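Student: See final-v9.cif below, with mmCIF, C-alpha atoms.
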```cif
data_query
loop_
_atom_site.group_PDB
_atom_site.id
_atom_site.type_symbol
_atom_site.label_atom_id
_atom_site.label_comp_id
_atom_site.auth_asym_id
_atom_site.auth_seq_id
_atom_site.Cartn_x
_atom_site.Cartn_y
_atom_site.Cartn_z
ATOM 1 C CA MET A 1 68.567 26.203 32.428
ATOM 2 C CA GLY A 2 71.339 27.398 34.724
ATOM 3 C CA LYS A 3 73.455 28.420 31.745
ATOM 4 C CA ILE A 4 70.622 30.511 30.283
ATOM 5 C CA TYR A 5 70.130 32.463 33.487
ATOM 6 C CA ALA A 6 73.869 32.881 33.904
ATOM 7 C CA ILE A 7 74.008 34.395 30.415
ATOM 8 C CA LEU A 8 71.077 36.688 31.199
ATOM 9 C CA THR A 9 72.809 37.807 34.373
ATOM 10 C CA VAL A 10 76.065 38.639 32.598
ATOM 11 C CA VAL A 11 74.607 40.198 29.453
ATOM 12 C CA LEU A 12 71.692 42.086 30.967
ATOM 13 C CA GLY A 13 73.027 42.949 34.393
ATOM 14 C CA ILE A 14 70.205 41.408 36.408
ATOM 15 C CA THR A 15 69.953 39.974 39.886
ATOM 16 C CA VAL A 16 68.599 36.481 40.428
ATOM 17 C CA SER A 17 65.668 35.530 42.647
ATOM 18 C CA ASN A 18 64.492 32.142 43.877
ATOM 19 C CA ALA A 19 63.074 29.934 41.129
ATOM 20 C CA GLN A 20 59.309 29.670 40.911
ATOM 21 C CA GLU A 21 57.801 26.207 40.661
ATOM 22 C CA VAL A 22 55.948 25.203 37.500
ATOM 23 C CA ARG A 23 52.986 22.821 37.750
ATOM 24 C CA LYS A 24 52.572 20.991 34.502
ATOM 25 C CA VAL A 25 49.482 19.364 32.942
ATOM 26 C CA SER A 26 50.223 17.132 29.941
ATOM 27 C CA GLY A 27 48.247 15.311 27.276
ATOM 28 C CA PHE A 28 47.450 17.987 24.689
ATOM 29 C CA ASN A 29 48.593 18.297 21.083
ATOM 30 C CA HIS A 30 49.804 21.818 20.271
ATOM 31 C CA ILE A 31 48.133 24.487 22.397
ATOM 32 C CA GLU A 32 48.602 27.969 20.949
ATOM 33 C CA SER A 33 46.364 30.000 23.257
ATOM 34 C CA VAL A 34 44.628 29.983 26.645
ATOM 35 C CA ALA A 35 41.776 32.219 27.855
ATOM 36 C CA ASN A 36 39.525 32.151 30.914
ATOM 37 C CA ASP A 37 36.174 33.441 32.174
ATOM 38 C CA GLY A 38 37.142 33.416 35.849
ATOM 39 C CA THR A 39 35.787 29.895 36.362
ATOM 40 C CA PHE A 40 36.926 27.805 33.411
ATOM 41 C CA LEU A 41 39.930 27.741 31.125
ATOM 42 C CA TYR A 42 39.606 27.532 27.334
ATOM 43 C CA VAL A 43 42.505 26.271 25.222
ATOM 44 C CA GLY A 44 42.988 26.420 21.478
ATOM 45 C CA ASP A 45 44.711 23.288 20.152
ATOM 46 C CA ILE A 46 46.095 23.467 16.603
ATOM 47 C CA GLY A 47 45.911 19.680 16.220
ATOM 48 C CA THR A 48 48.088 16.591 15.996
ATOM 49 C CA ALA A 49 50.497 18.169 13.518
ATOM 50 C CA LEU A 50 52.145 21.517 14.141
ATOM 51 C CA LYS A 51 50.891 23.052 10.901
ATOM 52 C CA PRO A 52 49.407 26.430 11.840
ATOM 53 C CA LYS A 53 48.434 27.379 8.261
ATOM 54 C CA ASN A 54 46.822 24.100 7.188
ATOM 55 C CA LYS A 55 43.058 23.899 6.750
ATOM 56 C CA ASP A 56 42.976 20.299 7.941
ATOM 57 C CA GLY A 57 39.909 20.425 10.207
ATOM 58 C CA ASP A 58 41.648 18.851 13.224
ATOM 59 C CA GLY A 59 41.856 21.913 15.465
ATOM 60 C CA LYS A 60 39.686 22.269 18.559
ATOM 61 C CA ILE A 61 38.914 24.401 21.579
ATOM 62 C CA LEU A 62 38.704 22.560 24.887
ATOM 63 C CA LYS A 63 37.079 23.607 28.157
ATOM 64 C CA LEU A 64 39.057 22.874 31.335
ATOM 65 C CA ASP A 65 38.422 23.264 35.042
ATOM 66 C CA LYS A 66 40.559 25.412 37.344
ATOM 67 C CA ASN A 67 43.170 22.647 37.704
ATOM 68 C CA GLY A 68 43.541 21.999 33.977
ATOM 69 C CA LYS A 69 41.339 18.894 33.881
ATOM 70 C CA VAL A 70 39.312 18.510 30.692
ATOM 71 C CA VAL A 71 35.612 19.287 31.186
ATOM 72 C CA ASP A 72 34.674 19.195 27.499
ATOM 73 C CA ALA A 73 37.198 18.088 24.868
ATOM 74 C CA ASN A 74 34.998 19.424 22.055
ATOM 75 C CA PHE A 75 33.470 22.509 23.612
ATOM 76 C CA ILE A 76 33.294 24.262 20.240
ATOM 77 C CA LYS A 77 31.382 22.157 17.714
ATOM 78 C CA GLU A 78 32.401 24.285 14.728
ATOM 79 C CA ILE A 79 34.989 22.622 12.468
ATOM 80 C CA LEU A 80 38.283 24.335 13.235
ATOM 81 C CA ASN A 81 41.638 24.120 11.498
ATOM 82 C CA ALA A 82 44.329 25.770 13.599
ATOM 83 C CA PRO A 83 42.779 27.999 16.303
ATOM 84 C CA LYS A 84 45.301 30.450 17.701
ATOM 85 C CA GLY A 85 44.350 33.585 19.609
ATOM 86 C CA LEU A 86 41.530 33.264 22.158
ATOM 87 C CA THR A 87 39.929 35.894 24.342
ATOM 88 C CA VAL A 88 36.786 36.139 26.450
ATOM 89 C CA ASP A 89 34.656 39.272 26.586
ATOM 90 C CA GLY A 90 31.478 38.919 28.630
ATOM 91 C CA ASP A 91 29.553 35.914 27.320
ATOM 92 C CA VAL A 92 31.518 35.692 24.077
ATOM 93 C CA LEU A 93 34.623 33.657 23.273
ATOM 94 C CA PHE A 94 36.563 35.023 20.311
ATOM 95 C CA ALA A 95 39.037 32.911 18.341
ATOM 96 C CA THR A 96 41.195 33.312 15.249
ATOM 97 C CA ASP A 97 41.466 30.413 12.818
ATOM 98 C CA ILE A 98 43.951 31.008 9.990
ATOM 99 C CA ASP A 99 42.005 33.592 7.948
ATOM 100 C CA ARG A 100 38.872 34.235 9.979
ATOM 101 C CA LEU A 101 37.776 35.622 13.324
ATOM 102 C CA LEU A 102 35.017 33.666 15.070
ATOM 103 C CA ALA A 103 32.669 34.536 17.929
ATOM 104 C CA PHE A 104 31.116 31.811 20.097
ATOM 105 C CA ASP A 105 28.479 31.788 22.801
ATOM 106 C CA LEU A 106 30.403 31.035 25.978
ATOM 107 C CA LYS A 107 27.440 29.239 27.538
ATOM 108 C CA THR A 108 26.700 26.833 24.681
ATOM 109 C CA GLY A 109 29.803 26.788 22.498
ATOM 110 C CA ASN A 110 27.646 27.636 19.473
ATOM 111 C CA LYS A 111 29.006 29.944 16.786
ATOM 112 C CA LEU A 112 27.487 33.421 16.802
ATOM 113 C CA TYR A 113 29.198 34.731 13.684
ATOM 114 C CA GLU A 114 32.502 34.871 11.823
ATOM 115 C CA ILE A 115 34.452 37.531 9.946
ATOM 116 C CA GLU A 116 36.416 36.384 6.905
ATOM 117 C CA PHE A 117 39.673 38.212 6.190
ATOM 118 C CA ASN A 118 39.551 37.296 2.487
ATOM 119 C CA GLY A 119 43.257 36.813 1.822
ATOM 120 C CA ALA A 120 44.421 39.705 4.004
ATOM 121 C CA SER A 121 46.160 37.110 6.204
ATOM 122 C CA PHE A 122 46.583 33.358 6.521
ATOM 123 C CA PHE A 123 48.029 33.534 10.031
ATOM 124 C CA LEU A 124 45.688 35.594 12.170
ATOM 125 C CA ASN A 125 46.990 35.312 15.678
ATOM 126 C CA ASP A 126 46.342 37.160 18.927
ATOM 127 C CA ILE A 127 43.210 39.143 19.853
ATOM 128 C CA ALA A 128 42.893 42.150 22.172
ATOM 129 C CA VAL A 129 39.575 43.647 23.267
ATOM 130 C CA PHE A 130 39.293 47.440 23.154
ATOM 131 C CA ASP A 131 35.566 47.672 23.862
ATOM 132 C CA LYS A 132 32.309 45.855 23.091
ATOM 133 C CA ASN A 133 32.470 46.968 19.478
ATOM 134 C CA THR A 134 36.188 46.848 18.755
ATOM 135 C CA LEU A 135 38.939 44.235 18.693
ATOM 136 C CA TYR A 136 42.555 44.294 17.568
ATOM 137 C CA VAL A 137 43.949 41.243 15.757
ATOM 138 C CA SER A 138 47.558 40.513 14.765
ATOM 139 C CA ALA A 139 48.424 39.027 11.365
ATOM 140 C CA THR A 140 51.766 37.344 11.972
ATOM 141 C CA ASP A 141 52.398 36.349 8.364
ATOM 142 C CA LYS A 142 51.887 39.875 7.027
ATOM 143 C CA ASN A 143 53.493 41.838 9.891
ATOM 144 C CA LYS A 144 50.212 43.719 10.154
ATOM 145 C CA LEU A 145 47.763 44.813 12.812
ATOM 146 C CA PHE A 146 44.032 44.980 12.136
ATOM 147 C CA LYS A 147 41.277 46.876 13.922
ATOM 148 C CA VAL A 148 37.974 44.989 13.775
ATOM 149 C CA ASN A 149 34.538 46.599 13.943
ATOM 150 C CA LEU A 150 32.178 44.039 15.492
ATOM 151 C CA VAL A 151 29.083 46.045 14.627
ATOM 152 C CA ASP A 152 29.402 45.974 10.852
ATOM 153 C CA LYS A 153 31.858 43.029 10.768
ATOM 154 C CA THR A 154 34.617 44.912 8.967
ATOM 155 C CA PHE A 155 38.323 45.442 9.558
ATOM 156 C CA VAL A 156 40.998 47.991 8.645
ATOM 157 C CA GLU A 157 44.771 47.918 8.915
ATOM 158 C CA VAL A 158 46.384 49.998 11.656
ATOM 159 C CA VAL A 159 49.395 51.581 9.960
ATOM 160 C CA MET A 160 52.261 52.051 12.413
ATOM 161 C CA ASP A 161 55.411 54.090 11.968
ATOM 162 C CA LYS A 162 57.537 50.966 12.563
ATOM 163 C CA GLU A 163 56.943 47.407 11.396
ATOM 164 C CA VAL A 164 56.925 44.718 14.081
ATOM 165 C CA ALA A 165 58.399 41.566 12.555
ATOM 166 C CA GLY A 166 55.972 38.658 12.929
ATOM 167 C CA ILE A 167 53.600 40.723 15.077
ATOM 168 C CA ASN A 168 52.056 38.381 17.615
ATOM 169 C CA GLY A 169 50.973 39.170 21.188
ATOM 170 C CA LEU A 170 48.622 42.075 21.958
ATOM 171 C CA TYR A 171 47.371 43.753 25.115
ATOM 172 C CA VAL A 172 45.178 46.881 25.400
ATOM 173 C CA ASP A 173 45.926 49.415 28.151
ATOM 174 C CA LYS A 174 43.119 51.943 27.697
ATOM 175 C CA LYS A 175 44.144 54.015 30.718
ATOM 176 C CA ALA A 176 47.552 54.694 29.194
ATOM 177 C CA SER A 177 46.101 54.902 25.644
ATOM 178 C CA ARG A 178 48.420 52.113 24.543
ATOM 179 C CA LEU A 179 48.304 48.820 22.710
ATOM 180 C CA TYR A 180 51.244 46.672 23.802
ATOM 181 C CA VAL A 181 52.550 44.426 21.029
ATOM 182 C CA ASN A 182 55.343 41.966 20.451
ATOM 183 C CA GLY A 183 56.686 40.003 17.493
ATOM 184 C CA PHE A 184 57.783 36.440 16.815
ATOM 185 C CA GLY A 185 60.274 37.526 14.164
ATOM 186 C CA THR A 186 60.418 36.568 10.504
ATOM 187 C CA GLU A 187 61.860 33.743 8.389
ATOM 188 C CA GLY A 188 62.699 31.705 11.469
ATOM 189 C CA ASN A 189 64.853 34.421 12.984
ATOM 190 C CA PRO A 190 64.430 35.617 16.605
ATOM 191 C CA ASN A 191 64.210 39.254 15.524
ATOM 192 C CA GLY A 192 60.897 40.010 17.201
ATOM 193 C CA ILE A 193 60.623 43.095 19.390
ATOM 194 C CA VAL A 194 58.411 44.318 22.246
ATOM 195 C CA GLY A 195 56.811 47.718 22.634
ATOM 196 C CA TYR A 196 53.588 49.658 22.483
ATOM 197 C CA ILE A 197 51.532 51.693 20.031
ATOM 198 C CA ASN A 198 50.125 55.025 21.086
ATOM 199 C CA PHE A 199 46.429 55.050 20.196
ATOM 200 C CA ASP A 200 46.564 58.794 19.506
ATOM 201 C CA ASN A 201 49.092 58.663 16.650
ATOM 202 C CA ASN A 202 49.944 54.953 16.035
ATOM 203 C CA LYS A 203 53.576 55.673 16.952
ATOM 204 C CA PHE A 204 55.502 52.595 18.106
ATOM 205 C CA THR A 205 57.835 52.718 21.109
ATOM 206 C CA GLN A 206 60.180 49.803 21.800
ATOM 207 C CA ILE A 207 60.548 48.951 25.497
ATOM 208 C CA THR A 208 63.582 46.660 25.423
ATOM 209 C CA PRO A 209 66.448 46.261 22.939
ATOM 210 C CA ILE A 210 66.410 42.492 23.438
ATOM 211 C CA GLU A 211 65.019 40.655 20.400
ATOM 212 C CA GLY A 212 63.503 37.170 20.427
ATOM 213 C CA TYR A 213 60.684 34.817 19.523
ATOM 214 C CA TYR A 214 58.037 36.750 21.460
ATOM 215 C CA ASP A 215 54.531 35.325 21.741
ATOM 216 C CA GLY A 216 51.994 35.789 24.571
ATOM 217 C CA MET A 217 51.378 39.103 26.334
ATOM 218 C CA VAL A 218 49.152 40.197 29.220
ATOM 219 C CA ALA A 219 49.205 42.764 32.047
ATOM 220 C CA TYR A 220 48.197 42.051 35.639
ATOM 221 C CA ASP A 221 48.488 44.080 38.832
ATOM 222 C CA GLY A 222 50.844 46.666 37.363
ATOM 223 C CA VAL A 223 53.104 44.228 35.533
ATOM 224 C CA LEU A 224 53.288 43.394 31.829
ATOM 225 C CA TYR A 225 54.147 39.746 31.174
ATOM 226 C CA PHE A 226 55.398 38.520 27.801
ATOM 227 C CA SER A 227 56.772 35.172 26.675
ATOM 228 C CA ASN A 228 59.937 34.490 24.679
ATOM 229 C CA TRP A 229 60.557 31.070 23.160
ATOM 230 C CA ILE A 230 64.348 31.753 23.047
ATOM 231 C CA ALA A 231 64.678 28.729 20.709
ATOM 232 C CA PHE A 232 62.578 25.960 19.160
ATOM 233 C CA GLU A 233 63.253 23.654 22.084
ATOM 234 C CA LYS A 234 62.666 23.703 25.818
ATOM 235 C CA LYS A 235 64.202 27.096 26.583
ATOM 236 C CA GLY A 236 61.192 29.437 26.800
ATOM 237 C CA ILE A 237 60.899 32.094 29.497
ATOM 238 C CA ILE A 238 58.404 34.653 30.802
ATOM 239 C CA ALA A 239 59.698 38.221 30.842
ATOM 240 C CA THR A 240 58.089 41.104 32.758
ATOM 241 C CA MET A 241 57.992 44.871 32.745
ATOM 242 C CA SER A 242 56.823 47.021 35.638
ATOM 243 C CA LEU A 243 54.286 49.484 34.245
ATOM 244 C CA ALA A 244 55.204 51.965 36.977
ATOM 245 C CA ASP A 245 58.907 52.333 36.190
ATOM 246 C CA ASN A 246 59.457 50.329 32.953
ATOM 247 C CA LYS A 247 61.967 47.975 34.594
ATOM 248 C CA VAL A 248 62.281 44.811 32.536
ATOM 249 C CA SER A 249 62.909 41.452 34.123
ATOM 250 C CA SER A 250 62.484 37.706 33.687
ATOM 251 C CA ILE A 251 60.845 35.217 36.030
ATOM 252 C CA LYS A 252 63.256 32.534 37.094
ATOM 253 C CA LEU A 253 61.369 29.277 36.552
ATOM 254 C CA SER A 254 62.152 25.911 38.088
ATOM 255 C CA GLU A 255 61.623 24.469 34.605
ATOM 256 C CA LEU A 256 61.843 26.222 31.248
ATOM 257 C CA ILE A 257 58.933 25.991 28.811
ATOM 258 C CA SER A 258 58.862 24.349 25.392
ATOM 259 C CA GLY A 259 57.316 27.056 23.217
ATOM 260 C CA PRO A 260 55.515 29.424 25.644
ATOM 261 C CA ALA A 261 52.609 30.621 23.499
ATOM 262 C CA ASP A 262 49.631 32.902 24.170
ATOM 263 C CA PHE A 263 48.872 32.714 27.918
ATOM 264 C CA THR A 264 46.383 34.030 30.474
ATOM 265 C CA VAL A 265 46.232 35.146 34.103
ATOM 266 C CA PHE A 266 43.908 32.915 36.116
ATOM 267 C CA ARG A 267 43.435 32.973 39.911
ATOM 268 C CA ASN A 268 46.789 34.655 40.543
ATOM 269 C CA GLN A 269 48.582 32.265 38.215
ATOM 270 C CA LEU A 270 50.035 32.476 34.749
ATOM 271 C CA VAL A 271 48.674 29.591 32.668
ATOM 272 C CA VAL A 272 51.159 29.165 29.835
ATOM 273 C CA PRO A 273 50.929 26.673 26.967
ATOM 274 C CA GLY A 274 53.992 24.635 26.101
ATOM 275 C CA MET A 275 53.106 24.581 22.433
ATOM 276 C CA MET A 276 55.901 22.231 21.404
ATOM 277 C CA ASP A 277 55.279 19.502 23.986
ATOM 278 C CA GLY A 278 51.502 19.730 24.490
ATOM 279 C CA THR A 279 51.515 20.997 28.067
ATOM 280 C CA LEU A 280 49.868 23.638 30.208
ATOM 281 C CA ASN A 281 52.159 25.273 32.743
ATOM 282 C CA PHE A 282 50.732 26.852 35.905
ATOM 283 C CA ILE A 283 53.023 29.472 37.471
ATOM 284 C CA SER A 284 52.067 31.296 40.676
ATOM 285 C CA ILE A 285 52.526 35.039 40.341
ATOM 286 C CA GLN A 286 55.091 36.386 42.788
ATOM 287 C CA ARG A 287 56.726 39.762 43.034
ATOM 288 C CA GLU A 288 60.262 38.373 43.175
ATOM 289 C CA SER A 289 61.892 38.411 39.746
ATOM 290 C CA LEU A 290 65.019 39.364 37.821
ATOM 291 C CA TYR A 291 65.432 43.116 37.336
ATOM 292 C CA ILE A 292 67.578 44.960 34.840
ATOM 293 C CA HIS A 293 69.176 47.969 36.493
#
```
How does this structure look as structure tokens?
Tutor:
Amino acid sequence: MGKIYAILTVVLGITVSNAQEVRKVSGFNHIESVANDGTFLYVGDIGTALKPKNKDGDGKILKLDKNGKVVDANFIKEILNAPKGLTVDGDVLFATDIDRLLAFDLKTGNKLYEIEFNGASFFLNDIAVFDKNTLYVSATDKNKLFKVNLVDKTFVEVVMDKEVAGINGLYVDKKASRLYVNGFGTEGNPNGIVGYINFDNNKFTQITPIEGYYDGMVAYDGVLYFSNWIAFEKKGIIATMSLADNKVSSIKLSELISGPADFTVFRNQLVVPGMMDGTLNFISIQRESLYIH
């Protein structure tokens, strides 16, 4: 870990803060996404084997309490294969599962409806809510972004002026008329990028030249957080960007994360899945970080 931060300091020209402690909850298989409703956490577990494209029926969505203790190990009764992106909007929990988008009643766990993507993608990933009628969904395998109409259950591709390799994490900033996006890269290469799409013209703007295996993305209290696996081992970090001045940084963690996937902000904490080792990592949000000057 020390070597990684030393490299970041030399290469990026950043100053180092005190490490933030990571509280770890173990015992899961391969968590790809975490969402919350303010009271409970919901985690999407791909299953015993890390096969995100397999329709094997062993995926599940669990309901956890505020500390990460399992409340209901089979909260969603629908047969799932490899649930990835999760998001909560009002009383609805949305989830992607390979080639379909599903909506569930948050109170009962019952399926409300699903939208089939009919071969348009076999790796639907993150979900971002624009409004009650509109979602954005990333298709990592096709390097595509889809806009979903929840009224008539249809979707269209959002054509950008620049392709984001392995497009993954999404976050809507309606005030700034932006959709922040990142990419996991393609063909096993850490050539993913981070930036935003202007809703007015679909123009993509990259916010950092640093490429990587980018995954989760969320904004909270004026800061954009996004995860970077770094490698397919325990080297993952959480990067940040101040929305006020676009300064990019990285939280110095007491323990690096094994595959930091799609995460959430919950009670002033980042709750980050360690997808490779079946853990949930709770990180208190602090202002101290590593800033690029």
Student: Skip Ala103 in chain A itself and residues of its chain fewer than 2 positions away, then list as a PyMOL selection string all residues within 8 Å of it, counting all atoms listed in the file.
Tutor: chain A and resi 92-95+101+105+111-114
Student: If I wrap all listed atoms of range 62-66 of chain A in a box with edges along x, y and z and add 4 Å on each side, what are its centre and edge lengths in Å to one decimal, as lines of an AutoDock Vina configuration file?
Tutor:
```
center_x = 38.8
center_y = 24.0
center_z = 31.1
size_x = 11.5
size_y = 10.9
size_z = 20.5
```
Student: CA of Lys147 in chain A to CA of Leu179 in chain A: how many Å, to one decimal?
Tutor: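 Between these atoms lies a distance of 11.4 Å.
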Student: Give me the result of the PyMOL selection byres ((chain A and resi 66-83) around 6) on this file, residue by residue, as a list in words.
Tutor: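 For this structure, the PyMOL selection byres ((chain A and resi 66-83) around 6) captures Phe40, Gly44, Ile46, Pro52, Lys55, Asp56, Gly57, Asp58, Gly59, Lys60, Ile61, Leu62, Lys63, Leu64, Asp65, Lys84, Thr96, Asp97 and Gly109 of chain A.
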Student: Applying the PyMOL selection byres ((chain A and resi 30) around 9) to the file I just gave you, which residues come out? Please list them as an mmCIF file with C-alpha atoms, in the frame of the given file.
Tutor:
```
data_model
loop_
_atom_site.group_PDB
_atom_site.id
_atom_site.type_symbol
_atom_site.label_atom_id
_atom_site.label_comp_id
_atom_site.auth_asym_id
_atom_site.auth_seq_id
_atom_site.Cartn_x
_atom_site.Cartn_y
_atom_site.Cartn_z
ATOM 1 C CA PHE A 28 47.450 17.987 24.689
ATOM 2 C CA ASN A 29 48.593 18.297 21.083
ATOM 3 C CA ILE A 31 48.133 24.487 22.397
ATOM 4 C CA GLU A 32 48.602 27.969 20.949
ATOM 5 C CA GLY A 44 42.988 26.420 21.478
ATOM 6 C CA ASP A 45 44.711 23.288 20.152
ATOM 7 C CA ILE A 46 46.095 23.467 16.603
ATOM 8 C CA GLY A 47 45.911 19.680 16.220
ATOM 9 C CA THR A 48 48.088 16.591 15.996
ATOM 10 C CA ALA A 49 50.497 18.169 13.518
ATOM 11 C CA LEU A 50 52.145 21.517 14.141
ATOM 12 C CA PRO A 273 50.929 26.673 26.967
ATOM 13 C CA GLY A 274 53.992 24.635 26.101
ATOM 14 C CA MET A 275 53.106 24.581 22.433
ATOM 15 C CA MET A 276 55.901 22.231 21.404
ATOM 16 C CA ASP A 277 55.279 19.502 23.986
ATOM 17 C CA GLY A 278 51.502 19.730 24.490
ATOM 18 C CA THR A 279 51.515 20.997 28.067
#
```
Student: Evaluated on this file, the PyMOL selection byres ((chain A and resi 36) around 10) picks out some residues - which ones are they, written as a compact mmCIF listing (two decimals) with C-alpha atoms, in the coordinates of the input?
Tutor:
```
# COMPACT_ATOMS: atom_id res chain seq x y z
CA VAL A 34 44.63 29.98 26.64
CA ALA A 35 41.78 32.22 27.86
CA ASP A 37 36.17 33.44 32.17
CA GLY A 38 37.14 33.42 35.85
CA THR A 39 35.79 29.90 36.36
CA PHE A 40 36.93 27.80 33.41
CA LEU A 41 39.93 27.74 31.12
CA TYR A 42 39.61 27.53 27.33
CA VAL A 43 42.50 26.27 25.22
CA LYS A 63 37.08 23.61 28.16
CA LEU A 64 39.06 22.87 31.34
CA ASP A 65 38.42 23.26 35.04
CA LYS A 66 40.56 25.41 37.34
CA LEU A 86 41.53 33.26 22.16
CA THR A 87 39.93 35.89 24.34
CA VAL A 88 36.79 36.14 26.45
CA ASP A 89 34.66 39.27 26.59
CA LEU A 93 34.62 33.66 23.27
CA PHE A 263 48.87 32.71 27.92
CA THR A 264 46.38 34.03 30.47
CA VAL A 265 46.23 35.15 34.10
CA PHE A 266 43.91 32.92 36.12
CA ARG A 267 43.44 32.97 39.91
CA VAL A 271 48.67 29.59 32.67
```
Student: Separation of CA of Glu211 in chain A and CA of Ala244 in chain A, in Å?
Tutor: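 Calculated distance between CA of Glu211 in chain A and CA of Ala244 in chain A is 22.3 Å.
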Student: So which one's closest to Ile193 in chain A, A:Val248, A:Val172, A:Leu280, A:Val164? Using only C-alpha atoms, please.
Tutor: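 Among A:Val248, A:Val172, A:Leu280, A:Val164, it is A:Val164 that comes nearest to Ile193 in chain A.
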Student: Measuring between all atoms listed in the file, which one of A:Gly188, A:Gly259, A:Gly216, A:Gly222 shows the shortest distance to Ala128 in chain A?
Tutor: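 Smallest separation from Ala128 in chain A among the options: A:Gly216.
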Student: For Lys144 in chain A, which residue among A:Val129, A:Leu270, A:Val181, A:Ala176 is the nearest when counting only C-alpha atoms?
Tutor: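 Residue with the minimum atom-to-atom distance to Lys144 in chain A: A:Val181.
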Student: Using all atoms listed in the file, which residue out of A:Ala231, A:Val223, A:Asn198, A:Asp141 lies closest to Ile285 in chain A?
Tutor: A:Val223
Student: If I take CA of Tyr214 in chain A and CA of Lys252 in chain A, how far is one from the other in Å, to one decimal?
Tutor: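 Interatomic distance here is 17.0 Å.
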Student: Which of these, A:Asn246, A:Ser284, A:Asn268, A:Asn201, has the shortest distance to Asp221 in chain A once you count all atoms listed in the file?
Tutor: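 Result for the nearest residue to Asp221 in chain A: A:Asn268.
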Student: Ranking A:Gly27, A:Gly183, A:Gly192, A:Gly119 by minimum distance to Asp99 in chain A and counting only C-alpha atoms, which one comes first?
Tutor: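 Looking at the shortest contact to Asp99 in chain A, the residue is A:Gly119.
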Student: So that I can see what lies close to Phe146 in chain A, please list as a list in words the residues with an atom at most 7 Å from it, counting only C-alpha atoms and leaving out residues fewer than 5 positions away in the same chain.
Tutor: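 Answer for this query is Tyr136, Val137, Ser138, Phe155, Val156, Glu157 and Val158 of chain A.
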